[in-house]
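Pasting protein.csv here (CSV, C-alpha atoms):
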```csv
chain,number,residue,atom,x,y,z
A,15,MET,CA,0.0,0.0,0.0
A,16,GLU,CA,1.1,3.6,-0.7
A,17,GLU,CA,2.0,5.8,2.2
A,18,LEU,CA,0.8,9.4,2.8
A,19,LYS,CA,3.8,11.6,3.0
A,20,MET,CA,3.8,15.3,3.7
A,21,VAL,CA,5.7,17.2,1.1
A,22,LYS,CA,8.9,18.4,2.8
A,23,ASN,CA,10.1,22.0,2.8
A,24,ILE,CA,8.0,23.2,-0.2
A,25,PHE,CA,4.2,23.7,-0.1
A,26,LYS,CA,1.9,22.5,2.7
A,27,THR,CA,-1.3,24.1,1.4
A,28,VAL,CA,-2.6,24.2,-2.1
A,29,ALA,CA,-5.7,25.3,-3.9
A,30,VAL,CA,-7.5,23.5,-6.7
A,31,VAL,CA,-9.7,25.9,-8.8
A,32,GLY,CA,-12.1,24.1,-11.1
A,33,THR,CA,-13.2,20.6,-10.0
A,34,GLY,CA,-14.1,18.7,-13.1
A,35,VAL,CA,-12.4,15.5,-14.3
A,36,ILE,CA,-8.9,17.0,-14.1
A,37,GLY,CA,-9.4,19.0,-11.0
A,38,ARG,CA,-10.6,16.0,-9.0
A,39,GLY,CA,-7.6,14.1,-10.1
A,40,TRP,CA,-5.4,16.9,-8.8
A,41,ILE,CA,-7.2,16.7,-5.5
A,42,ARG,CA,-6.2,13.0,-5.3
A,43,VAL,CA,-2.6,13.9,-6.1
A,44,PHE,CA,-2.2,16.6,-3.5
A,45,THR,CA,-4.1,14.9,-0.6
A,46,ARG,CA,-2.2,11.7,-1.2
A,47,ALA,CA,1.0,13.7,-0.6
A,48,GLY,CA,-0.3,15.2,2.6
A,49,CYS,CA,-1.2,18.6,1.3
A,50,HIS,CA,-4.0,20.6,2.8
A,51,THR,CA,-6.2,21.1,-0.3
A,52,ARG,CA,-8.6,23.9,-0.6
A,53,ILE,CA,-11.1,23.5,-3.5
A,54,TYR,CA,-13.2,26.0,-5.4
A,55,ASP,CA,-15.5,26.0,-8.4
A,56,ILE,CA,-17.7,28.8,-9.7
A,57,ASP,CA,-20.5,26.3,-9.5
A,58,SER,CA,-20.7,25.5,-5.8
A,59,SER,CA,-22.7,22.4,-6.4
A,60,GLN,CA,-19.8,21.0,-8.4
A,61,THR,CA,-17.5,21.0,-5.4
A,62,HIS,CA,-19.9,18.7,-3.5
A,63,LYS,CA,-20.2,16.4,-6.5
A,64,THR,CA,-16.4,16.3,-6.7
A,65,LEU,CA,-16.1,15.5,-3.0
A,66,ASP,CA,-18.5,12.6,-3.4
A,67,TRP,CA,-16.4,11.3,-6.4
A,68,VAL,CA,-13.2,11.6,-4.3
A,69,LYS,CA,-14.9,9.6,-1.5
A,70,ARG,CA,-16.0,6.9,-4.0
A,71,ASP,CA,-12.6,6.7,-5.6
A,72,LEU,CA,-10.8,6.4,-2.3
A,73,ASN,CA,-13.2,3.6,-1.3
A,74,ARG,CA,-12.5,1.8,-4.5
A,75,ASP,CA,-8.8,2.1,-3.8
A,76,VAL,CA,-9.4,0.6,-0.3
A,77,SER,CA,-11.4,-2.2,-1.8
A,78,ASP,CA,-8.7,-2.9,-4.3
A,79,ASP,CA,-6.1,-3.0,-1.5
A,80,ILE,CA,-4.2,0.0,-2.9
A,81,ILE,CA,-4.5,2.1,0.2
A,82,SER,CA,-5.8,1.5,3.7
A,83,SER,CA,-9.1,2.9,5.1
A,84,GLN,CA,-7.0,5.1,7.5
A,85,GLN,CA,-5.1,6.5,4.5
A,86,ALA,CA,-8.4,7.3,2.7
A,87,GLN,CA,-9.7,9.1,5.8
A,88,ALA,CA,-6.4,11.0,6.1
A,89,CYS,CA,-6.9,12.2,2.5
A,90,LEU,CA,-10.5,13.3,3.1
A,91,SER,CA,-9.5,15.2,6.2
A,92,LEU,CA,-7.1,17.4,4.2
A,93,ILE,CA,-9.9,18.7,1.9
A,94,SER,CA,-11.9,21.9,2.5
A,95,LEU,CA,-14.7,23.3,0.2
A,96,HIS,CA,-15.0,27.0,-0.5
A,97,THR,CA,-17.6,29.1,-2.3
A,98,ASP,CA,-15.4,32.2,-2.4
A,99,LEU,CA,-12.3,32.3,-4.6
A,100,GLU,CA,-10.3,34.6,-2.2
A,101,GLU,CA,-11.2,32.4,0.7
A,102,ALA,CA,-10.1,29.3,-1.2
A,103,LEU,CA,-6.7,30.9,-2.0
A,104,THR,CA,-6.1,32.0,1.6
A,105,GLY,CA,-2.9,30.4,2.8
A,106,ALA,CA,-2.3,28.5,-0.5
A,107,GLN,CA,1.2,28.5,-1.7
A,108,TYR,CA,0.5,26.7,-5.0
A,109,VAL,CA,-2.7,27.0,-7.1
A,110,GLN,CA,-3.8,24.5,-9.8
A,111,GLU,CA,-6.4,25.9,-12.2
A,112,SER,CA,-8.5,23.3,-14.0
A,113,CYS,CA,-11.4,25.3,-15.3
A,114,PRO,CA,-13.2,24.7,-18.7
A,115,GLU,CA,-10.9,24.9,-21.8
A,116,GLN,CA,-12.2,28.3,-22.8
A,117,LEU,CA,-9.8,31.2,-23.1
A,118,GLU,CA,-12.1,33.9,-21.7
A,119,ILE,CA,-12.8,31.8,-18.6
A,120,LYS,CA,-9.2,31.1,-17.9
A,121,GLN,CA,-8.2,34.7,-18.5
A,122,SER,CA,-10.8,35.9,-16.1
A,123,ILE,CA,-9.9,33.4,-13.3
A,124,PHE,CA,-6.2,34.1,-13.6
A,125,SER,CA,-6.8,37.8,-13.5
A,126,LYS,CA,-8.7,37.4,-10.3
A,127,MET,CA,-6.1,35.0,-8.8
A,128,ASP,CA,-3.3,37.3,-9.6
A,129,GLU,CA,-5.1,40.2,-8.0
A,130,ILE,CA,-6.0,38.5,-4.7
A,131,SER,CA,-3.0,36.2,-4.0
A,132,PRO,CA,0.4,37.2,-2.7
A,133,SER,CA,3.1,37.6,-5.4
A,134,ASN,CA,5.0,34.5,-4.3
A,135,VAL,CA,2.1,32.2,-4.8
A,136,ILE,CA,2.5,30.0,-7.9
A,137,LEU,CA,-0.5,30.0,-10.3
A,138,SER,CA,-0.6,27.0,-12.7
A,139,SER,CA,-3.0,26.0,-15.4
A,140,SER,CA,-4.0,22.5,-16.5
A,141,THR,CA,-4.8,23.8,-20.0
A,142,SER,CA,-4.3,21.0,-22.5
A,143,GLY,CA,-3.8,23.2,-25.6
A,144,MET,CA,-3.7,26.9,-24.9
A,145,ASP,CA,-0.6,29.1,-24.5
A,146,ILE,CA,-0.1,30.3,-21.0
A,147,GLU,CA,1.0,33.6,-22.5
A,148,ASP,CA,-2.5,34.1,-23.9
A,149,ILE,CA,-4.0,33.2,-20.6
A,150,ALA,CA,-1.8,35.2,-18.2
A,151,GLY,CA,1.0,36.9,-20.2
A,152,GLY,CA,-0.5,40.4,-19.7
A,153,LEU,CA,-0.9,40.1,-15.9
A,154,ARG,CA,1.2,42.0,-13.4
A,155,GLY,CA,2.2,38.7,-11.9
A,156,ALA,CA,2.8,36.9,-15.2
A,157,SER,CA,6.2,35.7,-14.0
A,158,ARG,CA,4.6,33.3,-11.5
A,159,CYS,CA,2.1,31.9,-13.9
A,160,PHE,CA,2.8,28.5,-15.6
A,161,THR,CA,1.1,25.7,-17.6
A,162,ALA,CA,1.2,22.4,-15.6
A,163,HIS,CA,-0.7,20.2,-18.0
A,164,PRO,CA,-1.2,16.7,-16.7
A,165,CYS,CA,-2.2,13.4,-18.3
A,166,ASN,CA,-5.7,12.2,-17.5
A,167,PRO,CA,-6.2,11.1,-14.7
A,168,PRO,CA,-3.4,13.0,-13.0
A,169,HIS,CA,-3.4,10.8,-9.9
A,170,VAL,CA,-2.7,7.7,-12.0
A,171,LEU,CA,-0.5,9.1,-14.9
A,172,PRO,CA,2.3,11.2,-13.4
A,173,VAL,CA,3.6,13.2,-16.3
A,174,VAL,CA,3.0,17.0,-16.2
A,175,GLU,CA,4.0,19.4,-19.1
A,176,MET,CA,5.5,22.6,-17.7
A,177,MET,CA,5.4,25.8,-19.7
A,178,PRO,CA,6.1,29.3,-18.3
A,179,THR,CA,5.0,32.7,-19.6
A,180,LYS,CA,7.7,34.9,-21.3
A,181,ALA,CA,8.0,36.8,-18.0
A,182,LEU,CA,9.5,33.6,-16.5
A,183,ASP,CA,10.7,33.7,-12.9
A,184,SER,CA,13.1,30.8,-13.1
A,185,VAL,CA,13.2,30.4,-9.3
A,186,LEU,CA,9.5,30.0,-9.0
A,187,LEU,CA,9.4,27.6,-12.0
A,188,GLU,CA,12.0,25.4,-10.3
A,189,LYS,CA,10.0,25.5,-7.1
A,190,ALA,CA,6.9,24.4,-9.0
A,191,ILE,CA,8.8,21.6,-10.7
A,192,ASP,CA,10.3,20.5,-7.3
A,193,PHE,CA,6.9,20.6,-5.7
A,194,LEU,CA,5.2,18.5,-8.4
A,195,SER,CA,8.1,16.0,-8.3
A,196,GLY,CA,7.7,15.9,-4.5
A,197,VAL,CA,4.0,15.0,-4.7
A,198,GLY,CA,4.7,12.1,-7.1
A,199,GLN,CA,4.3,13.6,-10.5
A,200,LYS,CA,6.8,13.6,-13.4
A,201,PRO,CA,7.2,17.2,-14.6
A,202,ILE,CA,8.9,17.9,-17.9
A,203,ARG,CA,9.8,21.4,-19.2
A,204,MET,CA,8.7,22.6,-22.6
A,205,ASN,CA,11.2,24.8,-24.4
A,206,PHE,CA,8.5,26.8,-26.1
A,207,PHE,CA,4.8,26.6,-26.8
A,208,ILE,CA,3.4,24.4,-29.5
A,209,PRO,CA,-0.4,23.6,-29.9
A,210,GLY,CA,-1.3,20.4,-28.1
A,211,TYR,CA,2.0,20.3,-26.2
A,212,LEU,CA,3.8,17.0,-26.3
A,213,VAL,CA,1.2,14.5,-25.0
A,214,ASN,CA,-1.6,15.5,-27.3
A,215,ARG,CA,0.5,15.9,-30.4
A,216,ILE,CA,2.0,12.4,-30.0
A,217,GLN,CA,-1.4,11.0,-29.2
A,218,ALA,CA,-3.0,12.8,-32.1
A,219,ALA,CA,-0.5,11.2,-34.5
A,220,VAL,CA,-1.3,7.8,-33.2
A,221,VAL,CA,-5.1,8.4,-33.3
A,222,ARG,CA,-4.8,9.8,-36.8
A,223,GLU,CA,-3.1,6.7,-38.2
A,224,ALA,CA,-5.3,4.3,-36.2
A,225,ILE,CA,-8.4,5.8,-37.7
A,226,HIS,CA,-6.9,5.8,-41.1
A,227,LEU,CA,-6.0,2.1,-40.9
A,228,VAL,CA,-9.6,1.2,-39.9
A,229,GLN,CA,-11.3,3.5,-42.4
A,230,SER,CA,-9.2,2.4,-45.3
A,231,GLY,CA,-10.0,-1.3,-44.5
A,232,VAL,CA,-6.5,-2.4,-43.6
A,233,ALA,CA,-7.7,-3.8,-40.3
A,234,GLY,CA,-10.5,-3.6,-37.8
A,235,VAL,CA,-10.7,-1.7,-34.5
A,236,GLU,CA,-9.7,-4.7,-32.3
A,237,ALA,CA,-6.7,-5.5,-34.5
A,238,VAL,CA,-5.4,-1.9,-34.3
A,239,ASP,CA,-5.9,-1.8,-30.6
A,240,THR,CA,-4.3,-5.2,-30.0
A,241,VAL,CA,-1.2,-4.1,-31.9
A,242,ILE,CA,-0.8,-1.3,-29.3
A,243,SER,CA,-2.0,-3.0,-26.1
A,244,ASP,CA,-0.1,-6.3,-26.7
A,245,GLY,CA,2.8,-4.9,-28.8
A,246,LEU,CA,3.9,-1.3,-29.0
A,247,GLY,CA,2.2,-0.3,-25.8
A,248,LEU,CA,4.0,-2.9,-23.7
A,249,ARG,CA,7.4,-1.4,-24.8
A,250,TRP,CA,6.1,2.2,-24.4
A,251,ALA,CA,5.1,1.4,-20.8
A,252,ILE,CA,8.8,0.8,-20.2
A,253,PHE,CA,10.5,3.3,-22.5
A,254,GLY,CA,9.5,6.3,-24.6
A,255,ASN,CA,10.0,6.4,-28.3
A,256,PHE,CA,13.7,6.9,-28.3
A,257,GLY,CA,14.4,4.5,-25.4
A,258,THR,CA,12.5,1.8,-27.4
A,259,ASN,CA,14.4,2.6,-30.5
A,260,ASN,CA,17.7,2.3,-28.6
A,261,THR,CA,16.9,-1.3,-27.6
A,262,ASN,CA,16.0,-2.3,-31.2
A,263,ALA,CA,19.7,-2.9,-32.2
A,264,ASP,CA,22.6,-4.3,-30.3
A,265,GLY,CA,24.5,-1.1,-31.1
A,266,GLY,CA,21.8,1.2,-29.8
A,267,ILE,CA,19.9,3.9,-31.5
A,268,ARG,CA,22.6,5.1,-33.8
A,269,GLU,CA,22.9,1.7,-35.4
A,270,TYR,CA,19.1,1.3,-35.5
A,271,TYR,CA,18.5,4.6,-37.3
A,272,ASN,CA,21.4,4.1,-39.7
A,273,ARG,CA,20.1,0.7,-40.6
A,274,PHE,CA,16.4,1.5,-40.8
A,275,GLY,CA,16.4,5.2,-41.6
A,276,GLN,CA,15.4,4.8,-45.2
A,277,THR,CA,12.7,2.3,-44.3
A,278,TYR,CA,11.2,4.9,-41.9
A,279,ILE,CA,11.5,7.6,-44.6
A,280,ASN,CA,9.6,5.5,-47.0
A,281,LEU,CA,6.9,4.8,-44.4
A,282,MET,CA,6.7,8.4,-43.2
A,283,LYS,CA,6.3,9.7,-46.8
A,284,GLU,CA,2.9,8.0,-46.7
A,285,LEU,CA,2.0,9.8,-43.5
A,286,ASP,CA,3.7,13.2,-44.1
A,287,SER,CA,5.2,15.0,-47.0
A,288,ASN,CA,8.1,16.2,-45.0
A,289,PRO,CA,9.7,13.4,-43.0
A,290,PRO,CA,13.0,13.7,-41.1
A,291,ASP,CA,16.1,13.1,-43.2
A,292,PHE,CA,17.8,10.6,-40.8
A,293,ASP,CA,21.1,12.3,-41.7
A,294,LYS,CA,24.2,12.0,-39.5
A,295,GLU,CA,23.5,15.2,-37.7
A,296,MET,CA,20.0,14.2,-36.7
A,297,ILE,CA,21.1,10.7,-35.7
A,298,GLU,CA,23.9,12.1,-33.5
A,299,GLN,CA,21.6,14.6,-31.9
A,300,ILE,CA,19.2,11.9,-30.9
A,301,GLY,CA,22.0,9.6,-29.9
A,302,GLN,CA,23.5,12.1,-27.5
A,303,GLY,CA,20.1,12.6,-25.9
A,304,VAL,CA,19.7,8.9,-25.4
A,305,ASP,CA,23.2,8.7,-24.0
A,306,THR,CA,22.3,11.3,-21.4
A,307,MET,CA,19.0,9.7,-20.7
A,308,GLU,CA,20.2,6.1,-20.3
A,309,GLY,CA,23.7,6.6,-18.8
A,310,ASP,CA,26.5,4.0,-19.1
A,311,ALA,CA,24.4,0.8,-18.8
A,312,PRO,CA,25.1,-1.7,-21.6
A,313,ILE,CA,22.4,-2.2,-24.1
A,314,SER,CA,22.2,-5.9,-23.2
A,315,ASP,CA,21.4,-5.0,-19.6
A,316,ILE,CA,18.8,-2.4,-20.7
A,317,CYS,CA,17.1,-5.0,-23.0
A,318,ARG,CA,17.1,-7.6,-20.2
A,319,TRP,CA,15.4,-5.1,-17.9
A,320,ARG,CA,12.9,-4.3,-20.6
A,321,ASP,CA,12.0,-8.0,-21.1
A,322,ARG,CA,11.7,-8.6,-17.4
A,323,MET,CA,9.4,-5.7,-16.9
A,324,ILE,CA,7.2,-6.5,-19.9
A,325,LEU,CA,6.8,-10.1,-18.7
A,326,LYS,CA,5.7,-8.8,-15.3
A,327,ILE,CA,3.2,-6.4,-17.0
A,328,ARG,CA,1.8,-9.3,-19.1
A,329,LYS,CA,1.5,-11.4,-16.0
A,330,LEU,CA,-0.4,-8.6,-14.2
A,331,LYS,CA,-2.8,-8.3,-17.1
A,332,GLU,CA,-3.5,-12.0,-17.1
A,333,GLN,CA,-4.1,-11.9,-13.3
A,334,ASP,CA,-6.4,-8.9,-13.5
A,335,PRO,CA,-8.1,-9.1,-16.9
A,336,HIS,CA,-10.0,-6.4,-18.7
A,337,PRO,CA,-13.6,-6.4,-17.5
```

I'd like the structure from this file rewritten - as structure tokens, please.
Amino acid sequence: MEELKMVKNIFKTVAVVGTGVIGRGWIRVFTRAGCHTRIYDIDSSQTHKTLDWVKRDLNRDVSDDIISSQQAQACLSLISLHTDLEEALTGAQYVQESCPEQLEIKQSIFSKMDEISPSNVILSSSTSGMDIEDIAGGLRGASRCFTAHPCNPPHVLPVVEMMPTKALDSVLLEKAIDFLSGVGQKPIRMNFFIPGYLVNRIQAAVVREAIHLVQSGVAGVEAVDTVISDGLGLRWAIFGNFGTNNTNADGGIREYYNRFGQTYINLMKELDSNPPDFDKEMIEQIGQGVDTMEGDAPISDICRWRDRMILKIRKLKEQDPHP
């Protein structure tokens, strides 16, 4: 069972503004880590619905032996409901906004939060596709405003895409990253804004091709999903794209791309009129990134770890089959 651990030396009190599907997941993230979590929604009835959902979800975790009933109660004891935004933000050191994905709504709520909260309070948005510069770039406190876009559900999938405004306060950004790491998330920093960020762009590319394969009659829905769930997805659960490619040749990713680069180019031309060149410069750039990511471990050891982990995942799936 997981343990509740108070985040050390960073933020003890947080606020969640907007309590839909993403907001309620953030509540689970923060309370699980021992943070006092103050929640607010413009629709006061929504906060009560969200609290009911949190209770049910915690009870399911208890039933599945993921947490104890004592841990569930500890999480609930950390939540407070608020009908006034200023009251909800009182004492909060970090705020996670998860309002509807409408620019006017997010601009309005960030303007209010910037006005009423102290200048050292971090204001983060869960926006899945908007530029934080459009949301908060014109505010007096723009330097403490960031995108912190999670995967859904945040309390199950840990990655969070971090993107600051142009008025970046690097100290506050590092505090936000340290805090999210401390509550069990996996924050990654974007170098600049691109629509959809990383998660949704990669997902969209897979969704696009999956639909194309079905609509063109190449294969059915179940076949396409099985290729992912019992093939590609098992490797992706262990590595990302480049880590997977690195284990596809005994000599690592450089050997793999040099050997199969033209094959990929031929395939990619069917998907995109402007595929990467797989030239020496590109291969070396990716290779250096993989070297940094993987360290000095031999490919053979990495592959053995991959195989061991995938076999464990397959066993888990067999023991707890899809309903």

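The residue that comes closest to Ser139 of chain A, out of A:Ser314, A:Ser112, A:Ser157, A:Thr240 and on the basis of only C-alpha atoms, is A:Ser112.
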
- line: re atom CA of Val76 of chain A and atom CA of Cys89 of chain A: distance 12.2 Å

message: Between atom CA of Gly257 of chain A and atom CA of Ile327 of chain A, what distance in Å does the model show, to one decimal?
response: 17.7 Å

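The space separating atom CA of Pro337 of chain A from atom CA of Ser77 of chain A comes to 16.4 Å.
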
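If all atoms listed in the file are the atoms counted, then among A:Thr261, A:Ser140, A:Ser82, A:Ser243 the closest residue to His163 of chain A is A:Ser140.
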
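Residue nearest Ile93 of chain A within the list A:Asn205, A:Thr45, A:Ser142, A:Asn214: A:Thr45 [criterion: smallest interatomic distance, only C-alpha atoms].
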
- prompt: Got a sec: who's within 9 Å of Cys165 of chain A, counting only C-alpha atoms, leaving out chain neighbours fewer than 6 positions off, as number ranges by chain?
  reply: A: 36, 142, 171-175, 213

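Among the candidate residues A:Gly245, A:Asp305, A:Asp239, A:Gly151, the one lying nearest to Leu227 of chain A is A:Asp239, with distances computed using all atoms listed in the file.
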
From A:Arg203, A:Arg46, A:Asn259, A:Val28, residue lying nearest Ile81 of chain A [only C-alpha atoms]: A:Arg46

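Residues lying within 10 Å of Tyr54 of chain A, counting all atoms listed in the file and ignoring same-chain neighbours fewer than 3 positions away, are Ala29, Val30, Val31, Gly32, Thr33, Gly37, Thr51, Asp57, Ser58, Gln60, Thr61, Ser94, Leu95, His96, Thr97, Asp98, Leu99, Glu100, Glu101, Ala102, Leu103 and Glu111 of chain A.
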
Dump as a compact mmCIF listing (two decimals), keeping the file's coordinate frame, selection limited to C-alpha atoms:
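Saved the output as part_17.txt:
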```txt
# COMPACT_ATOMS: atom_id res chain seq x y z
CA ALA A 29 -5.70 25.30 -3.90
CA VAL A 30 -7.50 23.50 -6.70
CA VAL A 31 -9.70 25.90 -8.80
CA GLY A 32 -12.10 24.10 -11.10
CA THR A 33 -13.20 20.60 -10.00
CA GLY A 37 -9.40 19.00 -11.00
CA THR A 51 -6.20 21.10 -0.30
CA ASP A 57 -20.50 26.30 -9.50
CA SER A 58 -20.70 25.50 -5.80
CA GLN A 60 -19.80 21.00 -8.40
CA THR A 61 -17.50 21.00 -5.40
CA SER A 94 -11.90 21.90 2.50
CA LEU A 95 -14.70 23.30 0.20
CA HIS A 96 -15.00 27.00 -0.50
CA THR A 97 -17.60 29.10 -2.30
CA ASP A 98 -15.40 32.20 -2.40
CA LEU A 99 -12.30 32.30 -4.60
CA GLU A 100 -10.30 34.60 -2.20
CA GLU A 101 -11.20 32.40 0.70
CA ALA A 102 -10.10 29.30 -1.20
CA LEU A 103 -6.70 30.90 -2.00
CA GLU A 111 -6.40 25.90 -12.20
```

- line: Across A:Ile202, A:Leu90, A:Val68, A:Leu248, the smallest distance to Gly39 of chain A, with all atoms listed in the file counted, is shown by A:Val68

message: For Ile267 of chain A, find every residue with an atom within 10 Å (counting only C-alpha atoms), except residues of its own chain fewer than 2 positions away, and show them as a list in words.
response: Phe256, Gly257, Thr258, Asn259, Asn260, Thr261, Asn262, Ala263, Asp264, Gly265, Glu269, Tyr270, Tyr271, Asn272, Arg273, Ile297, Glu298, Ile300, Gly301, Gln302, Val304, Asp305 and Ile313 of chain A
